[in-house]
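Asker: Contents are compact mmCIF, C-alpha atoms; file name work-v2.txt:
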# COMPACT_ATOMS: atom_id res chain seq x y z
CA MET A 11 0.85 -37.06 23.99
CA GLU A 12 0.32 -34.57 26.80
CA ALA A 13 2.41 -31.99 24.97
CA LYS A 14 0.33 -32.45 21.81
CA THR A 15 -2.90 -31.88 23.75
CA LYS A 16 -1.42 -28.78 25.31
CA ILE A 17 -0.39 -27.40 21.91
CA ASP A 18 -3.84 -28.22 20.46
CA GLN A 19 -5.43 -26.31 23.32
CA LEU A 20 -3.14 -23.32 22.74
CA VAL A 21 -4.01 -23.35 19.02
CA GLU A 22 -7.73 -23.38 19.82
CA GLU A 23 -7.34 -20.57 22.35
CA THR A 24 -5.37 -18.48 19.84
CA LEU A 25 -8.02 -18.99 17.16
CA GLU A 26 -10.75 -18.14 19.67
CA SER A 27 -8.93 -14.97 20.80
CA ILE A 28 -10.23 -13.28 17.67
CA THR A 29 -13.71 -13.09 19.21
CA THR A 30 -12.39 -10.91 22.05
CA ILE A 31 -11.32 -8.02 19.80
CA ASP A 32 -13.43 -4.93 20.51
CA LYS A 33 -14.72 -2.58 17.87
CA VAL A 34 -12.43 0.44 17.44
CA ASN A 35 -13.98 3.85 16.85
CA THR A 36 -12.71 6.12 14.13
CA PRO A 37 -10.02 8.46 15.48
CA PRO A 38 -11.26 11.96 16.39
CA PHE A 39 -11.29 14.59 13.61
CA PHE A 40 -10.99 11.87 10.97
CA LYS A 41 -13.71 13.48 8.86
CA ASP A 42 -12.05 16.93 9.09
CA LYS A 43 -8.69 15.49 8.10
CA VAL A 44 -10.14 13.79 5.02
CA LEU A 45 -12.06 16.89 3.93
CA ARG A 46 -8.96 19.06 4.45
CA ASN A 47 -6.81 16.64 2.43
CA LEU A 48 -9.39 16.62 -0.30
CA SER A 49 -9.63 20.41 -0.53
CA GLN A 50 -5.81 20.66 -0.54
CA GLN A 51 -5.66 18.13 -3.35
CA ASN A 52 -8.31 20.05 -5.33
CA GLU A 53 -6.43 23.33 -4.82
CA LEU A 54 -3.16 21.80 -5.99
CA ALA A 55 -4.87 20.33 -9.04
CA ARG A 56 -6.45 23.72 -9.83
CA GLU A 57 -3.11 25.55 -9.38
CA GLY A 58 -1.39 23.02 -11.61
CA VAL A 59 -3.96 23.58 -14.33
CA ILE A 60 -3.71 27.36 -14.02
CA GLN A 61 0.09 27.36 -14.06
CA LEU A 62 0.30 25.26 -17.19
CA LYS A 63 -2.55 26.94 -19.05
CA TRP A 64 -0.19 29.09 -21.15
CA PHE A 65 1.70 25.97 -22.29
CA THR A 66 -0.57 25.24 -25.26
CA PRO A 67 -0.10 22.19 -27.52
CA LYS A 68 1.53 24.41 -30.18
CA LEU A 69 4.09 25.66 -27.68
CA GLN A 70 4.63 22.10 -26.44
CA ALA A 71 5.41 20.95 -30.00
CA ALA A 72 7.76 23.91 -30.56
CA ALA A 73 9.56 23.20 -27.27
CA LEU A 74 9.95 19.55 -28.23
CA ILE A 75 11.41 20.45 -31.66
CA CYS A 76 13.86 22.91 -30.02
CA PHE A 77 14.89 20.28 -27.50
CA VAL A 78 15.52 17.65 -30.18
CA PHE A 79 17.39 20.14 -32.40
CA LEU A 80 19.67 21.35 -29.59
CA ASN A 81 20.44 17.78 -28.54
CA LEU A 82 21.28 16.76 -32.09
CA ALA A 83 23.52 19.80 -32.54
CA ALA A 84 25.34 19.06 -29.30
CA LEU A 85 25.75 15.42 -30.25
CA LEU A 86 27.15 16.21 -33.70
CA SER A 87 29.59 18.83 -32.43
CA ASN A 88 30.89 16.49 -29.73
CA ASN A 89 31.27 13.59 -32.11
CA SER A 90 33.85 15.22 -34.41
CA THR A 91 37.19 13.40 -33.79
CA GLU A 92 39.31 16.46 -34.53
CA SER A 93 37.96 18.51 -31.69
CA TYR A 94 38.32 15.50 -29.42
CA SER A 95 42.02 14.98 -30.18
CA ASP A 96 42.56 18.76 -29.93
CA ASN A 97 41.03 18.71 -26.51
CA VAL A 98 43.15 15.77 -25.40
CA SER A 99 46.41 17.32 -26.57
CA SER A 100 45.64 20.71 -25.04
CA PHE A 101 44.72 18.95 -21.78
CA ALA A 102 47.99 17.01 -21.87
CA GLU A 103 49.96 20.17 -22.53
CA VAL A 104 48.36 22.10 -19.70
CA TYR A 105 49.17 19.36 -17.18
CA GLY A 106 52.64 18.63 -18.56
CA LEU A 107 51.73 15.15 -19.72
CA SER A 108 53.05 15.54 -23.27
CA GLU A 109 56.57 15.83 -24.54
CA THR A 110 57.15 19.41 -25.63
CA ASP A 111 60.27 21.33 -26.70
CA ALA A 112 60.43 23.08 -23.33
CA ASP A 113 60.65 19.74 -21.52
CA THR A 114 63.50 18.59 -23.70
CA TYR A 115 65.51 21.75 -23.00
CA LEU A 116 64.94 21.47 -19.30
CA TYR A 117 66.21 17.89 -19.14
CA GLN A 118 69.18 18.68 -21.31
CA ASN A 119 70.25 21.49 -19.03
CA MET B 24 -33.26 5.58 -4.12
CA GLU B 25 -31.54 7.47 -1.30
CA GLU B 26 -28.25 5.87 -2.31
CA GLN B 27 -28.73 6.96 -5.92
CA LYS B 28 -29.30 10.55 -4.76
CA LEU B 29 -26.09 10.42 -2.75
CA ILE B 30 -24.17 9.01 -5.72
CA ASP B 31 -25.54 11.76 -7.99
CA ALA B 32 -24.56 14.43 -5.46
CA LEU B 33 -21.09 12.90 -5.11
CA GLN B 34 -20.63 12.84 -8.87
CA LYS B 35 -21.56 16.54 -8.95
CA GLY B 36 -18.88 17.09 -6.30
CA THR B 37 -20.93 18.80 -3.60
CA ASN B 38 -19.24 19.21 -0.22
CA GLN B 39 -22.42 18.22 1.59
CA ALA B 40 -22.42 14.86 -0.19
CA TYR B 41 -18.78 14.28 0.76
CA GLY B 42 -19.66 14.99 4.39
CA GLN B 43 -22.64 12.63 4.27
CA LEU B 44 -20.57 9.83 2.75
CA LEU B 45 -17.92 10.27 5.44
CA ASP B 46 -20.55 10.20 8.20
CA GLU B 47 -22.04 7.00 6.83
CA TYR B 48 -18.88 5.09 5.94
CA GLN B 49 -15.95 6.32 8.06
CA GLN B 50 -16.55 3.73 10.78
CA LYS B 51 -16.96 0.86 8.31
CA VAL B 52 -13.89 1.81 6.28
CA PHE B 53 -11.72 2.34 9.34
CA GLY B 54 -12.97 -0.97 10.77
CA THR B 55 -11.93 -2.82 7.64
CA CYS B 56 -8.55 -1.10 7.54
CA ILE B 57 -7.70 -1.91 11.16
CA SER B 58 -8.83 -5.50 10.61
CA PHE B 59 -6.24 -5.92 7.88
CA VAL B 60 -3.58 -3.62 9.37
CA PRO B 61 -3.60 -3.82 13.19
CA ASN B 62 -1.95 -0.45 13.75
CA GLN B 63 -4.12 2.59 14.47
CA GLU B 64 -1.96 5.17 12.68
CA ASP B 65 -1.45 3.04 9.57
CA ALA B 66 -5.15 2.14 9.45
CA GLU B 67 -6.11 5.81 9.72
CA ASP B 68 -3.76 6.76 6.88
CA ILE B 69 -5.12 3.98 4.67
CA ALA B 70 -8.73 4.91 5.49
CA GLN B 71 -8.00 8.51 4.46
CA GLU B 72 -6.51 7.27 1.19
CA VAL B 73 -9.63 5.15 0.62
CA PHE B 74 -11.92 8.19 0.86
CA ILE B 75 -9.67 10.27 -1.39
CA GLU B 76 -9.78 7.42 -3.93
CA VAL B 77 -13.57 7.16 -3.57
CA PHE B 78 -14.02 10.90 -4.22
CA ASN B 79 -11.57 10.86 -7.13
CA SER B 80 -13.15 7.88 -8.87
CA ILE B 81 -16.83 8.32 -8.03
CA ALA B 82 -17.37 9.59 -11.60
CA LYS B 83 -16.38 6.14 -12.86
CA PHE B 84 -18.83 4.35 -10.53
CA LYS B 85 -21.48 2.80 -12.79
CA GLY B 86 -23.69 1.33 -10.11
CA ASP B 87 -23.00 -2.33 -11.00
CA SER B 88 -22.74 -3.06 -7.28
CA LYS B 89 -23.91 -1.36 -4.10
CA LEU B 90 -21.97 1.75 -3.10
CA SER B 91 -20.93 0.09 0.17
CA THR B 92 -19.57 -2.95 -1.70
CA TRP B 93 -17.57 -0.69 -4.01
CA ILE B 94 -16.13 1.23 -1.05
CA TYR B 95 -15.26 -1.99 0.82
CA ARG B 96 -13.52 -3.25 -2.33
CA ILE B 97 -11.41 -0.08 -2.52
CA ALA B 98 -10.59 -0.37 1.20
CA THR B 99 -9.57 -4.03 0.84
CA ASN B 100 -7.37 -3.29 -2.17
CA LYS B 101 -5.69 -0.34 -0.43
CA CYS B 102 -4.94 -2.50 2.62
CA LEU B 103 -3.52 -5.32 0.52
CA GLU B 104 -1.39 -2.83 -1.42
CA PHE B 105 -0.03 -1.48 1.88
CA ILE B 106 0.69 -4.98 3.26
CA ARG B 107 2.37 -6.08 0.03
CA LYS B 108 4.66 -3.04 0.08
CA LYS B 109 5.56 -3.47 3.75
CA ASN B 110 6.06 -7.25 3.45
CA THR B 111 8.44 -6.76 0.53
CA LYS B 112 10.47 -4.22 2.51
CA LYS B 113 10.69 -6.54 5.53
CA ARG B 114 11.65 -9.52 3.39
CA PHE B 115 14.48 -7.64 1.72
CA GLY B 116 15.52 -6.16 5.04
CA PHE B 117 16.11 -9.48 6.72
CA MET B 118 17.05 -11.51 3.64
CA GLN B 119 14.44 -14.00 4.85
CA SER B 120 13.80 -15.45 1.46
CA LEU B 121 17.45 -16.53 1.25
CA MET B 122 17.28 -18.25 4.61
CA GLY B 123 14.19 -20.20 3.48
CA ASN B 124 12.06 -19.68 6.62
CA ASP B 125 9.45 -17.60 4.87
CA THR B 126 6.55 -19.92 5.65
CA ALA B 127 6.85 -20.05 9.44
CA ILE B 128 5.31 -17.46 11.76
CA ASP B 129 7.85 -14.77 12.60
CA ARG B 130 6.42 -12.03 14.79
CA SER B 131 9.56 -9.90 14.49
CA ALA B 132 9.12 -9.78 10.69
CA TYR B 133 5.46 -8.65 10.89
CA PHE B 134 4.81 -5.83 8.44
CA THR B 135 3.77 -3.23 11.03
CA GLU B 136 4.12 -2.44 14.72
CA PHE B 137 1.22 -4.17 16.47
CA ASN B 138 -0.98 -1.44 17.96
CA HIS B 139 -4.67 -2.37 17.92
CA PRO B 140 -6.69 -0.44 20.52
CA GLY B 141 -9.49 -3.02 20.44
CA ILE B 142 -7.30 -5.80 21.76
CA GLN B 143 -7.38 -6.57 25.47
CA LEU B 144 -4.05 -6.76 27.23
CA GLU B 145 -4.48 -10.37 28.39
CA ASN B 146 -5.10 -11.49 24.79
CA LYS B 147 -2.45 -9.29 23.18
CA GLU B 148 0.16 -12.02 22.74
CA LYS B 149 -2.28 -14.57 21.32
CA ASN B 150 -3.76 -11.98 18.96
CA GLU B 151 -0.30 -10.92 17.81
CA ILE B 152 0.55 -14.55 17.02
CA LEU B 153 -2.77 -15.00 15.22
CA PHE B 154 -2.32 -11.87 13.08
CA ALA B 155 1.22 -12.99 12.19
CA ALA B 156 -0.22 -16.37 11.16
CA ILE B 157 -2.96 -14.71 9.08
CA ASN B 158 -0.22 -12.78 7.28
CA LYS B 159 1.24 -16.11 6.16
CA LEU B 160 -1.98 -17.27 4.49
CA PRO B 161 -2.43 -17.10 0.71
CA GLU B 162 -4.03 -13.77 -0.25
CA ALA B 163 -7.51 -15.10 -1.16
CA GLN B 164 -7.79 -16.96 2.16
CA ARG B 165 -6.44 -13.99 4.08
CA ILE B 166 -9.02 -11.62 2.57
CA VAL B 167 -11.97 -13.89 3.26
CA TYR B 168 -10.83 -14.78 6.79
CA THR B 169 -10.16 -11.14 7.73
CA LEU B 170 -13.43 -9.80 6.33
CA ASN B 171 -15.55 -12.54 7.89
CA LYS B 172 -13.81 -13.28 11.20
CA ILE B 173 -12.22 -9.97 12.14
CA ASP B 174 -14.33 -7.35 10.35
CA ASP B 175 -17.43 -9.43 11.09
CA LEU B 176 -18.99 -9.20 7.61
CA SER B 177 -21.54 -11.79 6.52
CA TYR B 178 -20.83 -14.45 3.87
CA GLN B 179 -23.05 -12.51 1.46
CA GLU B 180 -21.11 -9.27 2.00
CA VAL B 181 -17.75 -11.04 1.61
CA SER B 182 -19.06 -12.73 -1.52
CA ASP B 183 -20.13 -9.36 -3.00
CA ILE B 184 -16.81 -7.70 -2.17
CA THR B 185 -14.61 -10.50 -3.48
CA GLN B 186 -16.96 -11.31 -6.40
CA LYS B 187 -16.86 -15.00 -5.49
CA SER B 188 -19.74 -17.40 -4.82
CA ILE B 189 -20.78 -18.17 -1.26
CA SER B 190 -19.62 -21.78 -1.64
CA SER B 191 -16.15 -20.50 -2.66
CA ILE B 192 -16.14 -18.27 0.41
CA GLU B 193 -16.99 -21.25 2.62
CA SER B 194 -14.28 -23.33 1.03
CA LEU B 195 -11.68 -20.54 1.39
CA LEU B 196 -12.64 -20.07 5.05
CA PHE B 197 -12.32 -23.80 5.70
CA ARG B 198 -8.87 -23.90 4.12
CA ALA B 199 -7.80 -20.70 5.91
CA LYS B 200 -8.75 -22.18 9.28
CA LYS B 201 -6.98 -25.46 8.49
CA ASN B 202 -3.81 -23.64 7.41
CA LEU B 203 -3.94 -21.39 10.46
CA LYS B 204 -4.16 -24.44 12.74
CA GLU B 205 -1.10 -25.96 11.06
CA LEU B 206 0.87 -22.71 11.25
CA LEU B 207 -0.02 -22.18 14.91
CA TYR B 208 0.74 -25.81 15.78
CA ASP B 209 4.22 -25.52 14.24
CA TYR B 210 4.78 -22.21 16.01
CA TYR B 211 3.86 -23.51 19.48
CA LYS B 212 5.83 -26.71 18.88
CA LYS B 213 8.95 -24.68 18.09
CA GLU B 214 8.37 -22.37 21.04
CA GLY B 215 8.23 -25.44 23.28
What does the file become when written as structure tokens?

Answerer:
Amino acid sequence: MEAKTKIDQLVEETLESITTIDKVNTPPFFKDKVLRNLSQQNELAREGVIQLKWFTPKLQAAALICFVFLNLAALLSNNSTESYSDNVSSFAEVYGLSETDADTYLYQN
Amino acid sequence: MEEQKLIDALQKGTNQAYGQLLDEYQQKVFGTCISFVPNQEDAEDIAQEVFIEVFNSIAKFKGDSKLSTWIYRIATNKCLEFIRKKNTKKRFGFMQSLMGNDTAIDRSAYFTEFNHPGIQLENKEKNEILFAAINKLPEAQRIVYTLNKIDDLSYQEVSDITQKSISSIESLLFRAKKNLKELLYDYYKKEG
């Protein structure tokens, strides 16, 4: 019972402690920092606009078509099975993974 | 009328208007931020973000509410966004959700380092416990309790910011206080 009263008192004191918090002033140079951030942001936005001004919608469309075309071409050339098996056999030959005439002679000798 | 002139000047983007807005609202915005996030550096960063957001979206401000209410709303949302992000990081960091003790007060898992210059040394521990308990409240209760009890805004101001009726604010405050009592009681009971 005594413990409960003690806990209740602690709870009340903790809730009351909120009234003791003092007002905190804004940190010094806060206004300057905000204005500087804002002007930096504006400058960056302006630079971004200037840098991309030459990239007109027509050029954007042309770039997109080129990109799609190049990707399709690369995809089609890579998909052909012949070139794939050629690549595998040449890789195997270079690293001595395939059975060649030279290997056979070597083992026979 | 004066407010309308300031809004017009802000929408035109004049530097003088930006300066005037900062002079008028920097203390209020910072006060709100440090009430939600009791760490001076974090509160300053959030307050800066609030003003950047205000300047960037002033063109969209239609005057449906007072300018101060609109700014307070932005500040509250920015603070909640910050707390949500930090709370998620902490939760994942300690795998608390797996251990199932997410509802109890845990000062070590508080979302920021406690550093509130307005808190007196003798009350620091109690205030830390109270802020940790507030962090456990449901969001609606937390907002209303923080704005009214810590930031010292009136019921009417809280009602305007949260777009809820005054009776809802009273009810949320009542429930917040009740929940806080329960949370604190459990905490002190565990502490022995």

Asker: Counting only C-alpha atoms, a student should be able to say which residues of chain A come within 12 Å of chain B; what is the right answer, written as a PyMOL selection string?

Answerer: chain A and resi 13-52+55

Asker: Determine the axis-aligned bounding box of all atoms of segment 159-162 of chain B present in the file, pad each side by 6 Å, and express its centre and edge lengths in Å to one decimal place as lines of an AutoDock Vina configuration file.

Answerer:
center_x = -1.4
center_y = -15.5
center_z = 3.0
size_x = 17.3
size_y = 15.5
size_z = 18.4

Asker: At what distance in Å, to one decimal, does atom CA of Val60 of chain B lie from atom CA of Ser182 of chain B?

Answerer: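 So the answer is 21.0 Å.
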
Asker: In Å, how far is it from atom CA of Phe105 of chain B to atom CA of Gly36 of chain B?

Answerer: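 Taking atom CA of Phe105 of chain B as the start and atom CA of Gly36 of chain B as the end point, the length is 27.7 Å.
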
Asker: Using atom CA of Thr185 of chain B and atom CA of Asp87 of chain B as the two end points, give the distance in Å to one decimal.

Answerer: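 Rounded to one decimal, the two atoms are 13.9 Å apart.
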